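Novice: Mind looking over this structure? Questions follow.
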Amino acid sequence: MKSISVIGSGTMGNGIAHVFAQHGFHVSLVDIKPEFLEKALATISKNMDRQVGKGLLTEVEKEASLARISTFTELEKGVVQADLVVEAATENLELKLDIFRKLDQFAPAGAILASNTSSISITKIAAVTQRPGQVIGMHFMNPVPVMKLVEVIRGYATSEEVTKSIMELSQTLFKDPVEVNDYPGFVANRILMPMINEAIYSVFEGVAGVVEIDTVMKLGMAHPMGPLQLADFIGLDVCLSILRVLQEGFGNPKYAPCPLLVNMVEAGFKGVKTGEGFYRYS
Ligand code: CAA
């Protein structure tokens, strides 16, 4: 594989484009507005500067990596040469289904179509294409250049060959891939989101304050961020939507989102991206 198309240039999309370009792949980064793409390139450049500062990348390698990224505002043009497409658009089922119908139409017949979805069913996404065996989940973690995990999700129809090639490809990015099956929340969010929800319930029920809850988990369990800070970092709207996928997918009330989380999202307090969640960000 040489040519990778990344659909969506937000936090995850620009991180995914960053790591592929850094490891020698030609990247076509696609988004709907030129200003989104400009912002993404500036973010990648800034994040590569951190790596240059730490000696993980030279200035020359940084420039060569950036030169391997082309940008497109038309999906049709951005995927014509793709060996692999990684979709990292907003976490919305209808939007993703629409994108995959188009990818199936415009990407080469042999291309693998991957989604970075954090919880939407790969099987459901694959079913709108004519190549369900070539559709797979490639779930990177935020911040993508730093986090080692790629959760590789096999949909019901994903072929053995495609799974193997995505596992190997992840290793060429110096990531540690883990193969999982396609059930609600996969593994990462099936375990992470109930913990975050329980932390929010602990605030809601007045068990302890926000800082105190995060401190217990940071110092007591050696988590790099407390669950409430992590929820802000992921986005409270994203946490809410993943919990709803779990609740609906398993039909089990244990996944019901805490009413405080629902209220915060409805009020527009979505965490880092809106400037306020459990903490304030200036
Ligand atoms: N690009 C490149 N490098 C980056 C970076 C980026 N975007 N963000 C951070 N870094 C680097 C920093 O330069 C720094 O490097 P050194 O330690 O070598 O100096 C290192 O990462 C740590 O960063 P900071 O010093 O800025 O801050 P920190 O020590 O607090 O670490 C963190 C930041 C890596 C984000 C850490 O807090 C952490 O691991 N948090 C938990 C992250 C996590 O759980 N992510 C998964 C979220 S869930 C998800 O993504 C999936 C989902 O479906 C919801």
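Just remember, in the structure tokens the first chain shown is A, the second B, etc., residues are 1-based per chain, and ligands are 1-based in the order shown.
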Please check which protein, DNA or RNA residues sit within 6 Å of ligand 1, counting only C-alpha atoms and all ligand atoms, and write them as a list in words.

Specialist: Asn47, Arg50, Ser118, Met141, Asn142, Pro143, Pro145, Val146, Pro224, Met225 and Ile234 of chain A

Novice: What's around Ala231 of chain A at 7 Å? Count only C-alpha atoms, leave out sequence neighbours fewer than 5 positions away in its own chain, and write the answer as a CSV table (one decimal) with C-alpha atoms, in the first residue's frame.

Specialist:
```
chain,number,residue,atom,x,y,z
A,196,ILE,CA,-16.5,7.7,32.5
A,236,LEU,CA,-18.9,15.1,26.1
A,239,CYS,CA,-19.2,10.2,25.1
```

Novice: List the neighbours of segment 119-132 of chain A out to 6 Å using only C-alpha atoms; skip same-chain residues closer than 6 positions along the sequence, and give me the result as a ChimeraX atom specification.

Specialist: /A:97,101,104,155-157,185

Novice: Compile the contact shell of Thr117 of chain A as a PyMOL selection string: residues with an atom at most 8 Å away, counting only C-alpha atoms, same-chain residues fewer than 3 positions apart removed.

Specialist: chain A and resi 87-88+91+120+137-139

Novice: Could you check the closest approach to Asp176 of chain A for each of A:Phe140, A:Phe250, A:Phe20, A:Phe269 and tell me which residue wins, using only C-alpha atoms?

Specialist: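 Ranked by minimum distance to Asp176 of chain A, first place goes to A:Phe140.
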
Novice: For Val27 of chain A, which residue out of A:Gly110, A:Gly55, A:Gly78, A:Gly10 is the nearest one, using only C-alpha atoms?

Specialist: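 Going through A:Gly110, A:Gly55, A:Gly78, A:Gly10 one by one, the smallest distance to Val27 of chain A is for A:Gly78.
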
Novice: Near Val245 of chain A, within 12 Å and counting only C-alpha atoms, which residues show up once chain neighbours fewer than 2 positions away are dropped, as a PDB file with C-alpha atoms, in the first residue's frame?

Specialist:
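Wrote it out as around-v4.pdb, contents follow:
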```pdb
ATOM      1  CA  GLU A  91     -19.622  10.261  14.431  1.00  0.00           C
ATOM      2  CA  ASN A  92     -23.014  10.198  12.717  1.00  0.00           C
ATOM      3  CA  LEU A  93     -24.491   7.019  11.234  1.00  0.00           C
ATOM      4  CA  THR A 117     -15.529   5.055  14.075  1.00  0.00           C
ATOM      5  CA  SER A 118     -15.461   4.784  17.853  1.00  0.00           C
ATOM      6  CA  SER A 119     -18.692   2.804  18.104  1.00  0.00           C
ATOM      7  CA  ILE A 120     -20.779   2.606  14.925  1.00  0.00           C
ATOM      8  CA  SER A 121     -21.183  -0.941  13.626  1.00  0.00           C
ATOM      9  CA  TYR A 183     -20.058  -5.593  18.863  1.00  0.00           C
ATOM     10  CA  PRO A 184     -21.281  -2.302  20.385  1.00  0.00           C
ATOM     11  CA  GLY A 185     -18.399  -0.119  21.579  1.00  0.00           C
ATOM     12  CA  PHE A 186     -15.915  -2.793  20.399  1.00  0.00           C
ATOM     13  CA  ASN A 189     -15.283   2.126  24.474  1.00  0.00           C
ATOM     14  CA  ARG A 190     -17.244  -0.768  25.962  1.00  0.00           C
ATOM     15  CA  MET A 193     -17.356   4.695  28.609  1.00  0.00           C
ATOM     16  CA  VAL A 238     -19.023  11.958  21.704  1.00  0.00           C
ATOM     17  CA  CYS A 239     -19.177  10.198  25.113  1.00  0.00           C
ATOM     18  CA  LEU A 240     -22.962  10.615  25.134  1.00  0.00           C
ATOM     19  CA  SER A 241     -23.395   9.223  21.658  1.00  0.00           C
ATOM     20  CA  ILE A 242     -21.175   6.207  22.411  1.00  0.00           C
ATOM     21  CA  LEU A 243     -23.123   5.460  25.612  1.00  0.00           C
ATOM     22  CA  GLN A 247     -27.423   1.223  25.661  1.00  0.00           C
ATOM     23  CA  GLU A 248     -29.303   0.544  22.439  1.00  0.00           C
ATOM     24  CA  GLY A 249     -26.980  -2.195  21.200  1.00  0.00           C
ATOM     25  CA  PHE A 250     -27.131  -4.271  24.391  1.00  0.00           C
ATOM     26  CA  GLY A 251     -30.592  -3.165  25.562  1.00  0.00           C
ATOM     27  CA  ASN A 252     -29.131  -2.951  29.057  1.00  0.00           C
ATOM     28  CA  PRO A 253     -29.922  -0.033  31.419  1.00  0.00           C
ATOM     29  CA  TYR A 255     -25.183   1.813  29.963  1.00  0.00           C
ATOM     30  CA  ALA A 256     -27.791   4.589  30.355  1.00  0.00           C
ATOM     31  CA  PRO A 257     -25.993   7.950  30.225  1.00  0.00           C
TER      32      PRO A 257
END
```

Novice: What parts of segment 70-252 of chain A does DSSP call helix (DSSP H, G or I)? I'd like the answer as a PyMOL selection string.

Specialist: chain A and resi 75-78+93-106+122-126+132-134+160-172+188-204+210-221+227-234+236-250

Novice: Pick the closest to Ser9 of chain A from A:Ala64, A:Val86, A:Val80, A:Leu219: which is it, counting only C-alpha atoms?

Specialist: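 Answer, going by the shortest atom-to-atom distance: A:Val86.
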
Novice: Per residue of segment 98-203 of chain A within 12 Å of segment 209-212 of chain A, what are the shortest atom pair and its distance in Å to one decimal, counting only C-alpha atoms, with rows by chain and residue number, as JSON lines?

Specialist:
```
{"residue": "A:Ile196", "atom": "CA", "partner": "A:Val210", "partner_atom": "CA", "distance": 11.9}
{"residue": "A:Ala199", "atom": "CA", "partner": "A:Val210", "partner_atom": "CA", "distance": 8.7}
{"residue": "A:Ile200", "atom": "CA", "partner": "A:Val210", "partner_atom": "CA", "distance": 8.6}
{"residue": "A:Tyr201", "atom": "CA", "partner": "A:Val210", "partner_atom": "CA", "distance": 10.9}
{"residue": "A:Ser202", "atom": "CA", "partner": "A:Gly209", "partner_atom": "CA", "distance": 8.3}
{"residue": "A:Val203", "atom": "CA", "partner": "A:Gly209", "partner_atom": "CA", "distance": 6.1}
```

Novice: Find the spatial neighbours of Lys46 of chain A, counting only C-alpha atoms, within a cut-off of 12 Å - ignore same-chain residues fewer than 3 positions away - and output them as a VMD selection string.

Specialist: chain A and resid 14 to 15 18 39 to 43 49 to 53 62 to 63 66 145

Novice: Go ahead and write the residues just picked, C-alpha atoms, as a PDB file, in the first residue's frame.

Specialist:
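Written output follows (result37.pdb):
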```
ATOM      1  CA  ASN A  14      -5.371  15.116  10.894  1.00  0.00           C
ATOM      2  CA  GLY A  15      -3.667  12.788  13.376  1.00  0.00           C
ATOM      3  CA  HIS A  18       0.091  12.835  10.190  1.00  0.00           C
ATOM      4  CA  LYS A  39      -6.265  24.308   9.807  1.00  0.00           C
ATOM      5  CA  ALA A  40      -5.488  20.579   9.698  1.00  0.00           C
ATOM      6  CA  LEU A  41      -2.151  21.146   7.923  1.00  0.00           C
ATOM      7  CA  ALA A  42      -1.218  23.809  10.485  1.00  0.00           C
ATOM      8  CA  THR A  43      -2.053  21.364  13.306  1.00  0.00           C
ATOM      9  CA  ASP A  49       7.368  20.382  15.571  1.00  0.00           C
ATOM     10  CA  ARG A  50       6.830  18.692  18.962  1.00  0.00           C
ATOM     11  CA  GLN A  51       8.403  15.549  17.509  1.00  0.00           C
ATOM     12  CA  VAL A  52      11.282  17.545  16.005  1.00  0.00           C
ATOM     13  CA  GLY A  53      11.806  19.177  19.409  1.00  0.00           C
ATOM     14  CA  LYS A  62       9.086  16.894   8.724  1.00  0.00           C
ATOM     15  CA  GLU A  63       9.129  18.849   5.455  1.00  0.00           C
ATOM     16  CA  LEU A  66       4.206  17.445   4.905  1.00  0.00           C
ATOM     17  CA  PRO A 145       0.767  10.531  16.942  1.00  0.00           C
TER      18      PRO A 145
END
```
